[in-house]
>>> print(open('input.txt').read())   # compact mmCIF, C-alpha atoms and all ligand atoms
# COMPACT_ATOMS: atom_id res chain seq x y z
CA MET L 722 0.00 0.00 0.00
CA GLU L 723 1.36 3.40 -0.94
CA ILE L 724 -0.01 6.41 0.96
CA LYS L 725 0.14 9.96 -0.41
CA LYS L 726 -0.63 12.58 2.27
CA ASN L 727 -1.39 16.25 2.04
CA VAL L 728 -2.21 18.53 4.96
CA GLU L 729 -4.89 21.02 3.91
CA ASP L 730 -5.22 24.63 5.16
CA ASP L 731 -7.85 23.64 7.75
CA GLY L 732 -5.60 20.94 9.26
CA VAL L 733 -7.45 18.04 7.63
CA ILE L 734 -5.12 15.33 6.29
CA PHE L 735 -6.04 14.24 2.78
CA MET L 736 -4.81 10.75 1.87
CA SER L 737 -4.82 8.74 -1.32
CA ILE L 738 -3.98 5.08 -0.73
CA LYS L 739 -2.86 3.03 -3.68
CA ASP L 740 -2.52 -0.69 -3.94
CA ASN L 741 0.56 -1.04 -6.15
CA LYS L 742 -0.45 -4.46 -7.44
CA VAL L 743 -3.80 -3.10 -8.62
CA GLU L 744 -2.11 -0.01 -10.12
CA GLU L 745 0.28 -2.19 -12.16
CA ALA L 746 -2.57 -4.34 -13.39
CA LYS L 747 -5.03 -1.48 -14.00
CA GLU L 748 -4.57 -1.57 -17.77
CA SER L 749 -5.25 -5.28 -18.04
CA THR L 750 -8.08 -5.16 -15.53
CA SER L 751 -10.41 -2.83 -17.39
CA LYS L 752 -14.03 -3.67 -16.81
CA LYS L 753 -15.19 -7.09 -17.98
CA ASP L 754 -18.70 -8.44 -18.28
CA GLY L 755 -19.96 -9.52 -14.87
CA ASP L 756 -17.60 -7.22 -12.99
CA VAL L 757 -19.23 -5.27 -10.18
CA THR L 758 -17.84 -1.80 -9.50
CA ILE L 759 -19.00 -0.15 -6.29
CA LEU L 760 -18.61 3.44 -5.11
CA ALA L 761 -18.33 3.23 -1.32
CA ILE L 762 -18.75 6.02 1.22
CA GLU L 763 -17.79 6.12 4.92
CA SER L 764 -18.40 8.92 7.44
CA SER L 765 -19.26 7.22 10.75
CA CYS L 766 -16.71 9.05 12.91
CA ASP L 767 -13.97 11.54 12.03
CA GLU L 768 -12.82 10.25 8.64
CA THR L 769 -14.60 11.26 5.44
CA ALA L 770 -13.83 8.51 2.96
CA ALA L 771 -14.71 7.37 -0.55
CA ALA L 772 -13.42 4.44 -2.59
CA VAL L 773 -14.07 2.57 -5.79
CA VAL L 774 -13.85 -1.22 -5.38
CA ARG L 775 -14.21 -3.87 -8.06
CA ASN L 776 -15.52 -7.34 -7.26
CA GLY L 777 -15.03 -6.82 -3.53
CA ARG L 778 -11.27 -7.22 -3.51
CA GLU L 779 -9.74 -4.88 -6.07
CA VAL L 780 -9.40 -1.34 -4.74
CA LEU L 781 -9.26 1.05 -7.72
CA SER L 782 -9.09 4.12 -5.47
CA ASN L 783 -9.18 4.80 -1.75
CA ILE L 784 -9.48 8.39 -0.47
CA ILE L 785 -9.51 9.38 3.21
CA SER L 786 -9.91 12.87 4.58
CA SER L 787 -8.89 12.59 8.24
CA GLN L 788 -10.01 15.22 10.75
CA ILE L 789 -7.95 13.74 13.57
CA ALA L 790 -5.83 16.89 14.01
CA LEU L 791 -8.95 19.05 14.45
CA HIS L 792 -10.23 16.93 17.33
CA THR L 793 -6.86 16.46 19.07
CA ILE L 794 -7.12 19.82 20.85
CA TYR L 795 -10.39 18.69 22.46
CA GLY L 796 -8.97 15.33 23.55
CA GLY L 797 -11.51 13.36 21.50
CA VAL L 798 -13.95 13.55 18.60
CA VAL L 799 -16.42 16.48 18.78
CA PRO L 800 -19.51 15.18 16.92
CA GLU L 801 -20.71 18.59 15.67
CA ILE L 802 -17.31 19.47 14.19
CA ALA L 803 -17.09 16.00 12.62
CA SER L 804 -20.48 16.35 10.89
CA ARG L 805 -19.70 19.81 9.54
CA LYS L 806 -16.33 18.72 8.15
CA HIS L 807 -17.92 15.68 6.50
CA VAL L 808 -20.30 18.04 4.67
CA GLU L 809 -17.34 20.14 3.49
CA LYS L 810 -15.14 17.23 2.40
CA MET L 811 -17.55 14.60 1.09
CA ASN L 812 -17.99 15.79 -2.51
CA GLY L 813 -14.24 16.32 -2.98
CA CYS L 814 -13.45 12.83 -1.69
CA ILE L 815 -15.97 11.21 -4.04
CA LYS L 816 -14.80 13.23 -7.02
CA THR L 817 -11.18 12.25 -6.40
CA ALA L 818 -12.08 8.60 -5.76
CA LEU L 819 -13.89 8.41 -9.11
CA SER L 820 -11.15 10.19 -11.05
CA GLU L 821 -8.29 8.18 -9.49
CA ALA L 822 -10.17 4.99 -10.32
CA GLY L 823 -10.59 6.23 -13.90
CA VAL L 824 -14.38 5.81 -13.79
CA THR L 825 -17.48 8.00 -13.84
CA LEU L 826 -20.81 7.47 -12.09
CA ASP L 827 -21.99 5.77 -15.30
CA ASP L 828 -19.49 2.94 -14.72
CA ILE L 829 -20.66 2.31 -11.16
CA ASP L 830 -22.96 -0.66 -10.48
CA ALA L 831 -24.01 0.39 -6.97
CA VAL L 832 -23.49 3.00 -4.27
CA ALA L 833 -22.61 1.67 -0.80
CA VAL L 834 -22.52 3.56 2.47
CA THR L 835 -21.96 2.95 6.19
CA TYR L 836 -25.33 3.49 7.86
CA GLY L 837 -24.33 2.48 11.39
CA PRO L 838 -23.07 2.20 14.03
CA GLY L 839 -21.43 5.56 14.64
CA LEU L 840 -22.14 9.21 15.38
CA VAL L 841 -25.61 9.99 14.06
CA GLY L 842 -24.78 13.40 12.55
CA ALA L 843 -21.63 12.05 10.94
CA LEU L 844 -23.40 8.97 9.53
CA LEU L 845 -26.20 11.12 8.12
CA VAL L 846 -23.80 13.01 5.86
CA GLY L 847 -22.65 9.81 4.11
CA VAL L 848 -26.15 8.32 4.05
CA SER L 849 -27.67 11.48 2.50
CA GLU L 850 -24.88 11.69 -0.07
CA ALA L 851 -25.26 8.03 -1.07
CA LYS L 852 -29.03 8.34 -1.33
CA ALA L 853 -28.68 11.47 -3.49
CA ILE L 854 -26.26 9.71 -5.87
CA ALA L 855 -28.45 6.60 -6.02
CA PHE L 856 -31.53 8.72 -6.74
CA ALA L 857 -29.82 10.86 -9.37
CA THR L 858 -28.23 7.92 -11.21
CA GLY L 859 -30.87 5.26 -10.60
CA LYS L 860 -28.16 2.90 -9.29
CA PRO L 861 -28.80 0.44 -6.44
CA LEU L 862 -28.10 1.56 -2.87
CA ILE L 863 -26.48 -0.72 -0.29
CA GLY L 864 -26.22 0.03 3.43
CA VAL L 865 -23.20 -1.46 5.18
CA HIS L 866 -22.60 -2.13 8.87
CA HIS L 867 -19.36 -0.35 9.83
CA ILE L 868 -17.92 -3.34 11.72
CA GLU L 869 -18.78 -5.72 8.87
CA GLY L 870 -16.73 -3.31 6.77
CA HIS L 871 -13.78 -3.61 9.16
CA ILE L 872 -13.98 -7.42 8.97
CA SER L 873 -14.18 -7.29 5.17
CA ALA L 874 -10.96 -5.22 5.00
CA ASN L 875 -9.27 -8.61 5.33
CA PHE L 876 -10.54 -9.68 1.89
CA ILE L 877 -8.73 -6.86 0.09
CA GLU L 878 -5.13 -8.01 0.52
CA ASN L 879 -5.81 -11.68 1.24
CA LYS L 880 -7.32 -12.85 -2.03
CA ASP L 881 -7.42 -16.43 -0.77
CA LEU L 882 -9.34 -15.69 2.43
CA GLU L 883 -12.85 -17.13 2.41
CA PRO L 884 -15.26 -17.78 5.30
CA PRO L 885 -15.55 -19.54 7.64
CA PHE L 886 -12.94 -18.01 9.95
CA VAL L 887 -12.65 -16.39 13.36
CA CYS L 888 -12.24 -12.62 13.50
CA LEU L 889 -11.17 -10.46 16.43
CA VAL L 890 -12.76 -7.03 15.95
CA VAL L 891 -11.14 -4.33 18.04
CA SER L 892 -12.01 -0.70 17.34
CA GLY L 893 -12.81 2.46 19.25
CA GLY L 894 -16.34 1.30 20.03
CA HIS L 895 -16.21 -2.48 19.67
CA SER L 896 -14.33 -5.50 21.00
CA HIS L 897 -15.93 -8.58 19.54
CA LEU L 898 -14.86 -12.14 18.85
CA VAL L 899 -16.82 -13.26 15.85
CA VAL L 900 -17.16 -16.39 13.77
CA VAL L 901 -17.56 -15.28 10.16
CA LYS L 902 -19.69 -18.20 8.99
CA ASP L 903 -20.23 -16.96 5.48
CA TYR L 904 -20.08 -13.61 3.70
CA GLY L 905 -22.33 -11.31 5.73
CA GLU L 906 -23.11 -13.98 8.34
CA TYR L 907 -21.71 -13.52 11.79
CA GLU L 908 -21.95 -15.28 15.10
CA ILE L 909 -20.75 -13.21 18.03
CA ILE L 910 -19.03 -15.51 20.52
CA GLY L 911 -17.52 -12.87 22.80
CA GLN L 912 -17.70 -9.15 23.43
CA THR L 913 -16.65 -6.52 25.91
CA ARG L 914 -18.63 -6.07 29.11
CA ASP L 915 -17.53 -2.45 29.47
CA ASP L 916 -14.90 -0.42 27.58
CA ALA L 917 -13.88 -1.33 24.05
CA ALA L 918 -10.15 -2.04 23.62
CA GLY L 919 -9.61 1.19 21.65
CA GLU L 920 -11.48 3.16 24.28
CA ALA L 921 -9.16 1.78 26.97
CA PHE L 922 -6.12 2.77 24.87
CA ASP L 923 -7.53 6.30 24.45
CA LYS L 924 -8.37 6.75 28.15
CA VAL L 925 -5.04 5.44 29.42
CA ALA L 926 -3.14 7.56 26.90
CA ARG L 927 -4.94 10.67 28.14
CA ALA L 928 -4.20 9.77 31.77
CA ILE L 929 -0.47 9.34 31.18
CA GLY L 930 -0.31 12.58 29.21
CA LEU L 931 0.10 11.19 25.71
CA GLY L 932 -3.13 12.79 24.47
CA TYR L 933 -5.44 11.87 21.60
CA PRO L 934 -5.56 9.60 19.63
CA GLY L 935 -4.34 7.25 22.29
CA GLY L 936 -3.88 3.98 20.43
CA PRO L 937 -1.09 4.98 18.04
CA LYS L 938 0.63 7.04 20.78
CA ILE L 939 0.69 4.15 23.27
CA ASP L 940 1.87 1.82 20.50
CA LYS L 941 4.81 4.16 19.81
CA ALA L 942 5.66 4.83 23.48
CA ALA L 943 5.43 1.11 24.31
CA LYS L 944 8.34 0.40 21.94
CA GLU L 945 10.64 2.37 24.30
CA GLY L 946 9.25 0.88 27.52
CA ASN L 947 9.51 -2.29 29.60
CA PRO L 948 6.34 -4.41 29.28
CA ASP L 949 7.18 -6.19 32.53
CA ALA L 950 7.65 -3.01 34.59
CA PHE L 951 4.13 -3.37 36.06
CA THR L 952 1.68 -6.23 36.25
CA PHE L 953 -1.75 -4.85 35.43
CA PRO L 954 -4.76 -7.17 35.88
CA GLN L 955 -6.22 -9.16 32.99
CA ALA L 956 -9.90 -9.77 33.65
CA LYS L 957 -11.42 -13.20 33.18
CA ILE L 958 -15.19 -13.56 33.11
CA ASP L 959 -16.22 -16.86 34.64
CA ASP L 960 -19.50 -17.51 32.87
CA ALA L 961 -18.41 -16.16 29.46
CA GLU L 962 -14.84 -17.16 28.64
CA TYR L 963 -14.71 -15.22 25.36
CA ASP L 964 -15.98 -11.92 26.78
CA PHE L 965 -13.62 -9.06 27.55
CA SER L 966 -13.50 -6.45 30.29
CA PHE L 967 -11.03 -3.58 30.20
CA SER L 968 -12.39 -1.23 32.85
CA GLY L 969 -10.58 -2.97 35.74
CA LEU L 970 -7.31 -2.76 33.85
CA LYS L 971 -7.93 0.90 33.06
CA SER L 972 -8.75 1.68 36.72
CA SER L 973 -5.64 -0.14 37.87
CA VAL L 974 -3.47 2.00 35.58
CA LEU L 975 -5.26 5.18 36.77
CA ASN L 976 -4.76 4.16 40.43
CA TYR L 977 -1.08 3.57 39.84
CA ILE L 978 -0.75 7.01 38.21
CA ASN L 979 -2.56 8.75 41.10
CA GLN L 980 -0.46 6.97 43.68
CA ALA L 981 2.75 7.84 41.86
CA LYS L 982 1.67 11.49 41.68
CA MET L 983 0.80 11.61 45.41
CA GLN L 984 4.15 10.13 46.31
CA GLY L 985 5.90 12.64 44.06
CA GLN L 986 7.34 9.89 41.86
CA GLU L 987 8.10 10.61 38.25
CA LEU L 988 5.88 8.68 35.85
CA ASN L 989 7.67 6.53 33.31
CA GLN L 990 5.22 6.94 30.41
CA ALA L 991 6.91 4.34 28.24
CA ASP L 992 6.90 1.65 30.96
CA VAL L 993 3.22 2.27 31.79
CA ALA L 994 2.33 2.24 28.07
CA ALA L 995 4.25 -0.99 27.44
CA SER L 996 2.83 -2.78 30.51
CA PHE L 997 -0.73 -1.65 29.72
CA GLN L 998 -0.43 -2.67 26.07
CA LYS L 999 0.95 -6.07 27.08
CA ALA L 1000 -2.03 -6.69 29.38
CA VAL L 1001 -4.57 -5.79 26.65
CA VAL L 1002 -2.79 -7.67 23.89
CA GLU L 1003 -2.33 -10.87 25.90
CA VAL L 1004 -6.05 -11.07 26.68
CA LEU L 1005 -7.05 -10.39 23.06
CA VAL L 1006 -4.62 -12.98 21.69
CA SER L 1007 -5.42 -15.72 24.22
CA HIS L 1008 -9.19 -15.39 23.70
CA ALA L 1009 -8.85 -15.44 19.91
CA ILE L 1010 -6.53 -18.46 19.82
CA LYS L 1011 -8.74 -20.35 22.27
CA ALA L 1012 -11.80 -19.64 20.13
CA CYS L 1013 -10.07 -21.02 17.02
CA LYS L 1014 -9.06 -24.18 18.82
CA GLU L 1015 -12.37 -24.82 20.55
CA TYR L 1016 -14.57 -23.97 17.58
CA GLY L 1017 -12.24 -25.85 15.24
CA TYR L 1018 -11.15 -23.08 12.83
CA ASN L 1019 -7.64 -22.77 11.47
CA LYS L 1020 -8.03 -19.25 10.07
CA LEU L 1021 -7.92 -16.13 12.24
CA ALA L 1022 -8.30 -12.52 11.12
CA ILE L 1023 -8.10 -9.24 13.01
CA ALA L 1024 -9.96 -6.02 12.23
CA GLY L 1025 -10.58 -2.46 13.47
CA GLY L 1026 -8.30 0.39 14.52
CA VAL L 1027 -6.61 -1.54 17.34
CA ALA L 1028 -5.71 -4.27 14.81
CA SER L 1029 -3.01 -1.87 13.58
CA ASN L 1030 -1.29 -2.16 16.99
CA SER L 1031 2.20 -3.52 16.44
CA GLY L 1032 2.26 -5.46 19.74
CA LEU L 1033 -1.02 -7.20 18.89
CA ARG L 1034 0.11 -8.06 15.36
CA GLU L 1035 3.41 -9.47 16.64
CA LEU L 1036 2.01 -11.66 19.42
CA MET L 1037 -0.93 -12.86 17.31
CA GLU L 1038 1.46 -13.88 14.52
CA LYS L 1039 3.65 -15.78 16.96
CA GLU L 1040 0.76 -17.59 18.62
CA CYS L 1041 -0.91 -18.43 15.31
CA GLU L 1042 2.33 -19.93 14.06
CA ALA L 1043 2.73 -21.98 17.25
CA ASN L 1044 -0.86 -23.25 16.92
CA LYS L 1045 -0.78 -23.83 13.13
CA ILE L 1046 -3.45 -21.22 12.48
CA SER L 1047 -3.28 -19.05 9.34
CA PHE L 1048 -3.20 -15.41 10.42
CA TYR L 1049 -4.79 -12.65 8.32
CA ARG L 1050 -4.53 -8.92 8.96
CA PRO L 1051 -5.13 -5.86 6.80
CA SER L 1052 -2.33 -3.31 6.29
CA PRO L 1053 -2.51 -0.77 9.15
CA VAL L 1054 -4.09 1.87 6.90
CA LEU L 1055 -6.93 -0.52 6.06
CA CYS L 1056 -7.46 -1.33 9.78
CA THR L 1057 -8.53 2.23 10.64
CA ASP L 1058 -11.62 3.79 9.08
CA ASN L 1059 -11.73 3.80 5.27
CA ALA L 1060 -14.28 3.31 2.49
CA ALA L 1061 -12.47 0.49 0.63
CA MET L 1062 -13.56 -1.92 3.37
CA ILE L 1063 -17.16 -0.71 2.96
CA GLY L 1064 -16.92 -1.45 -0.78
CA ALA L 1065 -15.57 -4.94 0.00
CA ALA L 1066 -18.46 -5.75 2.36
CA ALA L 1067 -21.01 -4.21 -0.01
CA TYR L 1068 -19.95 -6.45 -2.90
CA TYR L 1069 -21.03 -9.60 -1.06
CA GLU L 1070 -24.32 -7.93 -0.07
CA TYR L 1071 -24.84 -6.89 -3.69
CA GLN L 1072 -24.27 -10.47 -4.86
CA LYS L 1073 -26.90 -11.66 -2.38
CA GLY L 1074 -29.41 -9.23 -3.84
CA VAL L 1075 -29.50 -6.79 -0.92
CA ARG L 1076 -30.88 -3.43 -2.05
CA PHE L 1077 -31.87 -0.59 0.26
CA GLY L 1078 -34.63 1.90 -0.44
CA LEU L 1079 -34.32 5.66 -0.27
CA ASP L 1080 -35.88 5.42 3.20
CA MET L 1081 -32.50 4.21 4.50
CA ASN L 1082 -31.62 6.02 7.70
CA ALA L 1083 -28.55 6.29 9.90
CA VAL L 1084 -28.72 3.81 12.81
CA PRO L 1085 -26.20 4.90 15.47
CA ASN L 1086 -26.46 1.67 17.51
CA LEU L 1087 -26.90 -0.80 14.65
CA PRO L 1088 -26.19 -4.31 16.01
CA LEU L 1089 -23.74 -6.58 14.20
CA GLY L 1090 -25.30 -9.31 12.06
CA ASP L 1091 -28.89 -8.25 12.72
CA ARG L 1092 -30.39 -9.36 9.42
CA GLU L 1093 -33.92 -8.22 10.13
CA ARG L 1094 -32.83 -4.68 10.79
CA ARG L 1095 -30.47 -4.64 7.85
CA PHE L 1096 -33.16 -5.68 5.44
CA HIS L 1097 -35.45 -2.93 6.63
CA GLY L 1098 -36.00 -0.59 3.74
CA ARG L 1099 -35.19 -3.19 1.10
CA GLN L 1100 -36.69 -2.38 -2.28
O1 LIG W 1201 -11.74 1.32 13.81
P1 LIG W 1201 -11.41 2.71 14.21
O2 LIG W 1201 -10.55 3.53 13.30
O3 LIG W 1201 -12.70 3.53 14.50
C1 LIG W 1201 -13.82 2.96 15.10
O4 LIG W 1201 -14.60 2.31 14.35
O5 LIG W 1201 -13.91 3.08 16.33
O6 LIG W 1201 -10.72 2.56 15.64
C2 LIG W 1201 -10.27 3.66 16.35
C3 LIG W 1201 -9.61 3.16 17.60
C4 LIG W 1201 -9.17 4.28 18.53
O7 LIG W 1201 -9.58 3.97 19.84
C5 LIG W 1201 -7.67 4.27 18.39
O8 LIG W 1201 -6.99 4.72 19.55
C6 LIG W 1201 -7.38 2.81 18.13
O9 LIG W 1201 -8.42 2.41 17.26
N1 LIG W 1201 -6.09 2.61 17.47
C7 LIG W 1201 -5.07 1.91 18.02
C8 LIG W 1201 -3.97 2.00 17.13
N2 LIG W 1201 -4.38 2.75 16.05
C9 LIG W 1201 -5.69 3.10 16.28
N3 LIG W 1201 -5.00 1.24 19.19
C10 LIG W 1201 -3.82 0.64 19.48
N4 LIG W 1201 -2.73 0.71 18.69
C11 LIG W 1201 -2.76 1.37 17.51
N5 LIG W 1201 -1.67 1.42 16.73
ZN ZN W 1202 -14.08 1.94 12.59
>>> encode(input="input.txt", output="C-alpha cells")
Amino acid sequence: MEIKKNVEDDGVIFMSIKDNKVEEAKESTSKKDGDVTILAIESSCDETAAAVVRNGREVLSNIISSQIALHTIYGGVVPEIASRKHVEKMNGCIKTALSEAGVTLDDIDAVAVTYGPGLVGALLVGVSEAKAIAFATGKPLIGVHHIEGHISANFIENKDLEPPFVCLVVSGGHSHLVVVKDYGEYEIIGQTRDDAAGEAFDKVARAIGLGYPGGPKIDKAAKEGNPDAFTFPQAKIDDAEYDFSFSGLKSSVLNYINQAKMQGQELNQADVAASFQKAVVEVLVSHAIKACKEYGYNKLAIAGGVASNSGLRELMEKECEANKISFYRPSPVLCTDNAAMIGAAAYYEYQKGVRFGLDMNAVPNLPLGDRERRFHGRQ
C-alpha cells in the first residue's frame, strides 16, 4: 500500500492510498462483463472517505480525509465538528475517488454507504450523499454495517481468504470475537462487558499525558518501555470465557498514576504504556486463539483500529504460528476507518441481492449481524 498525504489549510489530512499491485494491473483489468464496480462512502466518525472497489477485492481508489488533528485539541472527537467537516469534504473525496479509479458514475454498479453504528450526525452526511447519488443515477443503494466493513478489510489483501474463519474485531467502540460463517453472516461468541479495547487505549493515553488519539501514541511509546515493569490485571469472566473487560485494567493504571503522583514519583510513560499494552494484547490474543481451537477453525483474522497495533500483530502472529493457524490482517491503513472496506463488504451484499430503499436512515447503535434490521428498507 502506498499512501500519499497532504495537509490542507484547515488541518485536515487528505490521503490517497494506492494498492501497487492493482495499479500495475489497471490496464489489463479494465471492466469485464460480470464485474461489479462499487462506489463506497464512509463517514461514521472523524474520517470522510470514498473508494471505488471492483468485485469486492480490487481497490481502484481509496481516499480518506482525516479530521484527527482538528479533534486532538479537544482530547476526543467532537460530533458537531465532525459532521460539519464531512459536509465540506464529502464531494471532494468522491470526485477524487472516481477520477483516481478512472471511472465515472456511469461505470458504477451500486453505491454503498456505512449506515451504522457511529455518530448519528456524521453517519447522516454519508447516508444522504449516497441516497442522493443513487436517486440521481438510478443505481442500487447498499447500506453497510461499519464493523462488517472492518472485517471485510481482510478480503482486500488476502485474495485467498474465504469464510468460515474467526475474527477479532477491536475498534474504538467495539471488542468482539466473531465467527464469520459466510459472507455477511456472523456469530458473536464474545464481546466486551464495558470499555472497548480502543477506548481503553484512548483513556489510558490521556491519563499518562500522551493525548489523543491514544492507540497509536501508546503503540509508539510502548516500543521504548519495559512491558514487565508493572503487572496490570487481565480480567477473566467466569460464565463467558470469550468476553472481555477492560475497565478494571484501566482503573488499575489510573490508580497507579494517582499513587505515583501523590508520592511525588516521576511517571515513566513508556513503561506504563508498554505494561498496559501487554495486558490488553495478551487477553485479546489468548481469547482469539482459544476460540479457534475450541470452535475448530484454522483461520484467524483481526480487524478495526486496534488491529493496527504492532504489539497485537506481533504476538498474534507468533501464537498463530505456534498453533498452526493461518493469520490474516489488513495493512494498518486498512485497519482504521476507510471506504475500501465498505466497498468490499457491499460487494457480497450486492451479490446476495441486498438493495436498500431511499428510506434508508442512519442507525447509530446498529447491532452486528442483525439481518432483520439490515433488510429494513429493502426495495
Ligand atoms: O476502527 P477505528 O478507526 O474507529 C472505530 O470504528 O472506532 O478505531 C479507532 C480506535 C481508537 O480507539 C484508536 O486509539 C485505536 O483504534 N487505534 C489503536 C492504534 N491505532 C488506532 N489502538 C492501538 N494501537 C494502535 N496502533
Ligand atoms: Zn471503525
>>> residues_near_ligand(input="input.txt", ligand="ligand LIG 1201 (chain W)", cutoff="9 Å", atoms="all atoms listed in the file", output="PyMOL selection string")
chain L and resi 765-768+838-839+867-868+871+890-895+917-924+926+933-941+998+1024-1033+1053+1056-1059
>>> residues_near_point(input="input.txt", point="(-29.0, 6.6, -11.1)", cutoff="12 Å", atoms="all atoms listed in the file", output="list in words")
Thr825, Leu826, Asp827, Asp828, Ile829, Asp830, Ala831, Val832, Ala851, Lys852, Ala853, Ile854, Ala855, Phe856, Ala857, Thr858, Gly859, Lys860, Pro861 and Leu862 of chain L
>>> residues_around(input="input.txt", residues="region 944-957 of chain L", least_positions_apart="5", cutoff="6 Å", atoms="all atoms listed in the file", output="list in words")
Ser966, Leu970, Ala991, Asp992, Ala995 and Ser996 of chain L
>>> write_last_selection(input="input.txt", atoms="C-alpha atoms", output="compact mmCIF listing (two decimals), keeping the file's coordinate frame")
# COMPACT_ATOMS: atom_id res chain seq x y z
CA SER L 966 -13.50 -6.45 30.29
CA LEU L 970 -7.31 -2.76 33.85
CA ALA L 991 6.91 4.34 28.24
CA ASP L 992 6.90 1.65 30.96
CA ALA L 995 4.25 -0.99 27.44
CA SER L 996 2.83 -2.78 30.51
>>> residues_near_point(input="input.txt", point="(-16.8, -6.6, -3.5)", cutoff="8 Å", atoms="only C-alpha atoms", output="number ranges by chain")
L: 757-759, 774-779, 1064-1069
>>> residues_around(input="input.txt", residues="Glu1040 (chain L)", least_positions_apart="2", cutoff="12 Å", atoms="only C-alpha atoms", output="list in words")
Val1002, Glu1003, Leu1005, Val1006, Ser1007, His1008, Ala1009, Ile1010, Lys1011, Cys1013, Lys1014, Leu1021, Leu1033, Arg1034, Glu1035, Leu1036, Met1037, Glu1038, Glu1042, Ala1043, Asn1044, Lys1045, Ile1046, Ser1047 and Phe1048 of chain L
>>> closest_residue(input="input.txt", among="L:His866, L:His792, L:Lys753, L:Lys816", to="ligand ZN 1202 (chain W)", atoms="all atoms listed in the file")
L:His866
>>> atom_distance(input="input.txt", atom1="CA of Thr817 (chain L)", atom2="CA of Ile802 (chain L)")
22.7 Å
>>> closest_residue(input="input.txt", among="L:Met983, L:Ala943, L:Ile815, L:Leu1079", to="Ser764 (chain L)", atoms="only C-alpha atoms")
L:Ile815
>>> closest_residue(input="input.txt", among="L:Ile734, L:Val798, L:Ile910, L:Val1084", to="Leu844 (chain L)", atoms="only C-alpha atoms")
L:Val1084
>>> atom_distance(input="input.txt", atom1="CA of Ala1012 (chain L)", atom2="CA of Tyr904 (chain L)")
19.4 Å
>>> decode(input="input.txt", residues="region 748-762 of chain L", atoms="N, CA and C atoms", output="short mmCIF file (atom, residue, chain, number, x, y, z; two decimals), in the first residue's frame")
data_model
loop_
_atom_site.label_atom_id
_atom_site.label_comp_id
_atom_site.auth_asym_id
_atom_site.auth_seq_id
_atom_site.Cartn_x
_atom_site.Cartn_y
_atom_site.Cartn_z
N GLU L 748 -4.35 -1.51 -16.31
CA GLU L 748 -4.57 -1.57 -17.77
C GLU L 748 -5.29 -2.87 -18.16
N SER L 749 -4.72 -3.98 -17.62
CA SER L 749 -5.25 -5.28 -18.04
C SER L 749 -6.54 -5.64 -17.29
N THR L 750 -6.89 -4.81 -16.31
CA THR L 750 -8.08 -5.16 -15.53
C THR L 750 -9.25 -4.22 -15.85
N SER L 751 -9.27 -3.69 -17.06
CA SER L 751 -10.41 -2.83 -17.39
C SER L 751 -11.68 -3.67 -17.33
N LYS L 752 -12.79 -2.98 -17.16
CA LYS L 752 -14.03 -3.67 -16.81
C LYS L 752 -14.45 -4.78 -17.78
N LYS L 753 -14.73 -5.95 -17.18
CA LYS L 753 -15.19 -7.09 -17.98
C LYS L 753 -16.65 -7.35 -17.66
N ASP L 754 -17.31 -8.08 -18.55
CA ASP L 754 -18.70 -8.44 -18.28
C ASP L 754 -18.79 -9.18 -16.95
N GLY L 755 -19.78 -8.83 -16.15
CA GLY L 755 -19.96 -9.52 -14.87
C GLY L 755 -19.21 -8.86 -13.73
N ASP L 756 -18.29 -7.94 -14.06
CA ASP L 756 -17.60 -7.22 -12.99
C ASP L 756 -18.58 -6.31 -12.26
N VAL L 757 -18.37 -6.16 -10.97
CA VAL L 757 -19.23 -5.27 -10.18
C VAL L 757 -18.36 -4.17 -9.59
N THR L 758 -18.63 -2.94 -9.99
CA THR L 758 -17.84 -1.80 -9.50
C THR L 758 -18.71 -0.99 -8.54
N ILE L 759 -18.20 -0.83 -7.33
CA ILE L 759 -19.00 -0.15 -6.29
C ILE L 759 -18.30 1.12 -5.81
N LEU L 760 -19.09 2.20 -5.75
CA LEU L 760 -18.61 3.44 -5.11
C LEU L 760 -19.02 3.34 -3.65
N ALA L 761 -18.03 3.39 -2.75
CA ALA L 761 -18.33 3.23 -1.32
C ALA L 761 -18.01 4.50 -0.55
N ILE L 762 -18.86 4.78 0.44
CA ILE L 762 -18.75 6.02 1.22
C ILE L 762 -18.75 5.68 2.71
#
